[in-house]
Every structure is written in structure tokens, then in C-alpha cells.
Amino acid sequence: MHFLIRMVCPIYIRRGSAEGVFLDETAFLLPYSYSAQDAVGGDFDGDGIFDFAVYNGLKVTVWFGKGGGAFGGSVEFDWYANLIPGLGQLLSGDYDGDGKDELGLYSPSGDGCFYFRSYRLASFSSEYRHCWSKSNSSKAISGDFNGDGMWDIGLYNPNRLGNIYIKYGDNQYLFNGQTATHYGRYDNAEAFSGDFNGDGVTDFGVRNANDDGKLEYRFSNGNGAFTEGKQVWYWSKNGILVTGKYP
Ligand SMILES: [Ca+2]
Ligand SMILES: [Ca+2]
Ligand SMILES: [Ca+2]
Ligand SMILES: [Ca+2]
């Protein structure tokens, strides 16, 4: 099951349980503080230890985890081609199935494309692209929403129809077979995803729907809908929420 992180600086982590309950808040520090607009976790170098990426609207900084909540070296690179600066959303997932997570960046109002970069030869230089939909208020999500072992991408539009659209990945940066499901309109909500009940299928939730820090999430039924096991839990309305499966 996945964990939730509330990041300002320090990072606060809560562990998930199979019942979808999050407990045991712990905090650890990144070496520097950032005015991050978005953040995401993943294992980008494939050593089994979670790493952390922050985005300030122009630049991504990736800190590589050393275990026990400590971070070692970092890689920093500009990432704003085809984006309106400051409006990109970070994602992570293993989109090519090689066991290492890629970094993703979605441009809601630039060109409506998802960009993906793998960590190879000590840099995040080569880029793959998948263009989908241009919409200022869309929130990008990612995970394995149909449980086939391949990473998928999704868009949730909280203040229009309130639908979640998912395209299913093939491990080659192609995403097809779009599904749509109604979740609900939550005008100011931050969207998040993760496998919160540990069944191998990615679930979905919203935070701060009423600007109060409340989290609501629903378990995936594996065909693009999120209808089961609604849970409600309070935290804080501050910080950036990040999910991941971290040792
Ligand atoms: Ca790592
Ligand atoms: Ca990969
Ligand atoms: Ca999938
Ligand atoms: Ca699940």
C-alpha cells in the first residue's frame, strides 16, 4: 500500500495500512528548502530506495535517497520546453517497465502533452512525449489503474464535469483505450493517486476540496471507475501532497 507525504520542508510521511488508514507521522529534511510548485517521489535510479523530485516551475531537482529518510546526491535540470513556466505538473511511474521510475511532466495549458524522462548515464536527458488534452484546470494522475502491471495516465477535471479520464499504458509510452468515469466536482481540489489498499490497482482521491485539508479517496474497481471503500481523513491544508510506496 502507498504512503502519503505532505511536503513543505521538512517532509512529513504517514504510512498506509491495508485498511486505508494513515498513521505514524515522521518528518525528515531535504538538504535545502525550495519554493516548490510540485513534488513527486519515485525510485528513479532503480536502487530500491525512494528518491524525491521537486519542481519550481522552471527547474526540476531530484534528490536520491540513501535510505532511512536521508538523501545523497542530486541532479538538477531545466524542464519547461513547450510549457508555460510554472504550470507543469510532475508525475512519476515506470512507464517502460524496466523497474526504474521515470519522471513525467504534464503541461495543462501549454500544449496538453505529457513528457517523460528516464534517469540514464547520470542525467535525465532523453524525452518521450504523449499529447492528450489541453485544459487549464486538469490535474494529471498516474498509476496502474487496470492492474495489468503497466503504468497508465489520467486527467481529472475537478471544476468542469468532474470526470476522470484514463489512458492505459503499454510500457512503450503509448497510452490508449480511454475510459471516463464521473467522480464529482470539487472546484479547488488537489488530485492524488496511489494503491491505498494494496490490491495492485491504483486508487484515486482528492484533497482540500473545501480548503480544509480533508482527504477523500475511493478504491479502484480496475475498469476506470472509483466506487468502493470511501475513506475520509484529515491532515493539513498546507504543503504539497505526494504519494508513493516507500521503504
Ligand atoms: Ca533510488
Ligand atoms: Ca522505467
Ligand atoms: Ca495499467
Ligand atoms: Ca487499490
# chains A, B, ... in the order shown; residues from 1 in each chain; ligands from 1
>>> residues_near_ligand(ligand="ligand 1", cutoff="10 Å", atoms="only C-alpha atoms and all ligand atoms", output="ChimeraX atom specification")
/A:41-52,63-67,71,100-101
>>> write_last_selection(atoms="N, CA and C atoms", output="PDB file, in the first residue's frame")
ATOM      1  N   GLY A  41       7.580  11.573  -5.677  1.00  0.00           N
ATOM      2  CA  GLY A  41       8.560  10.582  -5.261  1.00  0.00           C
ATOM      3  C   GLY A  41       8.611   9.449  -6.253  1.00  0.00           C
ATOM      4  N   GLY A  42       9.687   8.701  -6.243  1.00  0.00           N
ATOM      5  CA  GLY A  42       9.819   7.538  -7.120  1.00  0.00           C
ATOM      6  C   GLY A  42      11.221   6.990  -6.951  1.00  0.00           C
ATOM      7  N   ASP A  43      11.465   5.817  -7.529  1.00  0.00           N
ATOM      8  CA  ASP A  43      12.821   5.267  -7.487  1.00  0.00           C
ATOM      9  C   ASP A  43      13.422   5.451  -8.877  1.00  0.00           C
ATOM     10  N   PHE A  44      14.051   6.585  -9.074  1.00  0.00           N
ATOM     11  CA  PHE A  44      14.485   6.958 -10.423  1.00  0.00           C
ATOM     12  C   PHE A  44      15.775   6.264 -10.855  1.00  0.00           C
ATOM     13  N   ASP A  45      16.622   5.881  -9.881  1.00  0.00           N
ATOM     14  CA  ASP A  45      17.867   5.186 -10.245  1.00  0.00           C
ATOM     15  C   ASP A  45      17.773   3.679 -10.034  1.00  0.00           C
ATOM     16  N   GLY A  46      16.606   3.202  -9.617  1.00  0.00           N
ATOM     17  CA  GLY A  46      16.385   1.761  -9.551  1.00  0.00           C
ATOM     18  C   GLY A  46      17.164   1.026  -8.478  1.00  0.00           C
ATOM     19  N   ASP A  47      17.577   1.718  -7.398  1.00  0.00           N
ATOM     20  CA  ASP A  47      18.303   1.033  -6.322  1.00  0.00           C
ATOM     21  C   ASP A  47      17.381   0.549  -5.211  1.00  0.00           C
ATOM     22  N   GLY A  48      16.074   0.696  -5.414  1.00  0.00           N
ATOM     23  CA  GLY A  48      15.118   0.213  -4.420  1.00  0.00           C
ATOM     24  C   GLY A  48      14.831   1.208  -3.308  1.00  0.00           C
ATOM     25  N   ILE A  49      15.476   2.374  -3.351  1.00  0.00           N
ATOM     26  CA  ILE A  49      15.276   3.391  -2.313  1.00  0.00           C
ATOM     27  C   ILE A  49      14.588   4.589  -2.952  1.00  0.00           C
ATOM     28  N   PHE A  50      13.601   5.125  -2.278  1.00  0.00           N
ATOM     29  CA  PHE A  50      12.828   6.179  -2.922  1.00  0.00           C
ATOM     30  C   PHE A  50      13.616   7.480  -3.015  1.00  0.00           C
ATOM     31  N   ASP A  51      13.417   8.153  -4.113  1.00  0.00           N
ATOM     32  CA  ASP A  51      14.056   9.421  -4.424  1.00  0.00           C
ATOM     33  C   ASP A  51      12.947  10.473  -4.489  1.00  0.00           C
ATOM     34  N   PHE A  52      13.347  11.724  -4.556  1.00  0.00           N
ATOM     35  CA  PHE A  52      12.360  12.773  -4.430  1.00  0.00           C
ATOM     36  C   PHE A  52      12.660  13.870  -5.432  1.00  0.00           C
ATOM     37  N   TRP A  63      16.507  14.503  -5.746  1.00  0.00           N
ATOM     38  CA  TRP A  63      17.386  14.049  -4.671  1.00  0.00           C
ATOM     39  C   TRP A  63      17.303  12.538  -4.589  1.00  0.00           C
ATOM     40  N   PHE A  64      18.456  11.883  -4.562  1.00  0.00           N
ATOM     41  CA  PHE A  64      18.471  10.419  -4.496  1.00  0.00           C
ATOM     42  C   PHE A  64      18.527   9.968  -3.047  1.00  0.00           C
ATOM     43  N   GLY A  65      17.607   9.096  -2.705  1.00  0.00           N
ATOM     44  CA  GLY A  65      17.523   8.610  -1.336  1.00  0.00           C
ATOM     45  C   GLY A  65      18.666   7.667  -1.004  1.00  0.00           C
ATOM     46  N   LYS A  66      19.063   7.701   0.268  1.00  0.00           N
ATOM     47  CA  LYS A  66      20.086   6.779   0.754  1.00  0.00           C
ATOM     48  C   LYS A  66      19.506   5.782   1.748  1.00  0.00           C
ATOM     49  N   GLY A  67      18.217   5.882   2.001  1.00  0.00           N
ATOM     50  CA  GLY A  67      17.595   5.010   2.993  1.00  0.00           C
ATOM     51  C   GLY A  67      17.481   5.726   4.327  1.00  0.00           C
ATOM     52  N   PHE A  71      19.066  11.749   2.205  1.00  0.00           N
ATOM     53  CA  PHE A  71      19.268  11.943   0.774  1.00  0.00           C
ATOM     54  C   PHE A  71      20.735  12.233   0.492  1.00  0.00           C
ATOM     55  N   LYS A 100      12.675   0.870 -13.175  1.00  0.00           N
ATOM     56  CA  LYS A 100      13.021   2.193 -12.660  1.00  0.00           C
ATOM     57  C   LYS A 100      11.891   3.154 -12.986  1.00  0.00           C
ATOM     58  N   ASP A 101      11.624   4.069 -12.087  1.00  0.00           N
ATOM     59  CA  ASP A 101      10.588   5.054 -12.371  1.00  0.00           C
ATOM     60  C   ASP A 101      11.113   6.148 -13.289  1.00  0.00           C
TER      61      ASP A 101
END
>>> closest_residue(among="A:Ala225, A:Pro108, A:Asp203, A:Arg117", to="Ile164 in chain A", atoms="only C-alpha atoms")
A:Ala225
>>> residues_near_ligand(ligand="ligand 2", cutoff="6 Å", atoms="only C-alpha atoms and all ligand atoms", output="PDB file with N, CA and C atoms, in the first residue's frame")
ATOM      1  N   ASP A  94       6.737   3.851 -13.643  1.00  0.00           N
ATOM      2  CA  ASP A  94       7.624   3.057 -14.507  1.00  0.00           C
ATOM      3  C   ASP A  94       6.921   2.860 -15.848  1.00  0.00           C
ATOM      4  N   TYR A  95       7.053   3.831 -16.720  1.00  0.00           N
ATOM      5  CA  TYR A  95       6.273   3.827 -17.960  1.00  0.00           C
ATOM      6  C   TYR A  95       6.824   2.907 -19.037  1.00  0.00           C
ATOM      7  N   ASP A  96       8.078   2.423 -18.866  1.00  0.00           N
ATOM      8  CA  ASP A  96       8.629   1.485 -19.852  1.00  0.00           C
ATOM      9  C   ASP A  96       8.865   0.098 -19.263  1.00  0.00           C
ATOM     10  N   GLY A  97       8.475  -0.109 -18.006  1.00  0.00           N
ATOM     11  CA  GLY A  97       8.541  -1.443 -17.430  1.00  0.00           C
ATOM     12  C   GLY A  97       9.931  -1.975 -17.149  1.00  0.00           C
ATOM     13  N   ASP A  98      10.925  -1.085 -17.027  1.00  0.00           N
ATOM     14  CA  ASP A  98      12.289  -1.568 -16.778  1.00  0.00           C
ATOM     15  C   ASP A  98      12.636  -1.622 -15.294  1.00  0.00           C
ATOM     16  N   GLY A  99      11.670  -1.353 -14.422  1.00  0.00           N
ATOM     17  CA  GLY A  99      11.924  -1.430 -12.987  1.00  0.00           C
ATOM     18  C   GLY A  99      12.371  -0.118 -12.359  1.00  0.00           C
ATOM     19  N   LYS A 100      12.675   0.870 -13.175  1.00  0.00           N
ATOM     20  CA  LYS A 100      13.021   2.193 -12.660  1.00  0.00           C
ATOM     21  C   LYS A 100      11.891   3.154 -12.986  1.00  0.00           C
ATOM     22  N   ASP A 101      11.624   4.069 -12.087  1.00  0.00           N
ATOM     23  CA  ASP A 101      10.588   5.054 -12.371  1.00  0.00           C
ATOM     24  C   ASP A 101      11.113   6.148 -13.289  1.00  0.00           C
ATOM     25  N   GLU A 102      10.235   6.631 -14.143  1.00  0.00           N
ATOM     26  CA  GLU A 102      10.510   7.816 -14.948  1.00  0.00           C
ATOM     27  C   GLU A 102       9.886   9.037 -14.255  1.00  0.00           C
TER      28      GLU A 102
END
>>> residues_near_ligand(ligand="ligand 3", cutoff="7 Å", atoms="only C-alpha atoms and all ligand atoms", output="VMD selection string")
chain A and resid 144 to 152 168 to 169
>>> residues_near_ligand(ligand="ligand 4", cutoff="6 Å", atoms="only C-alpha atoms and all ligand atoms", output="list in words")
Asp195, Phe196, Asn197, Gly198, Asp199, Gly200, Val201, Thr202, Asp203, Phe219 and Ser220 of chain A
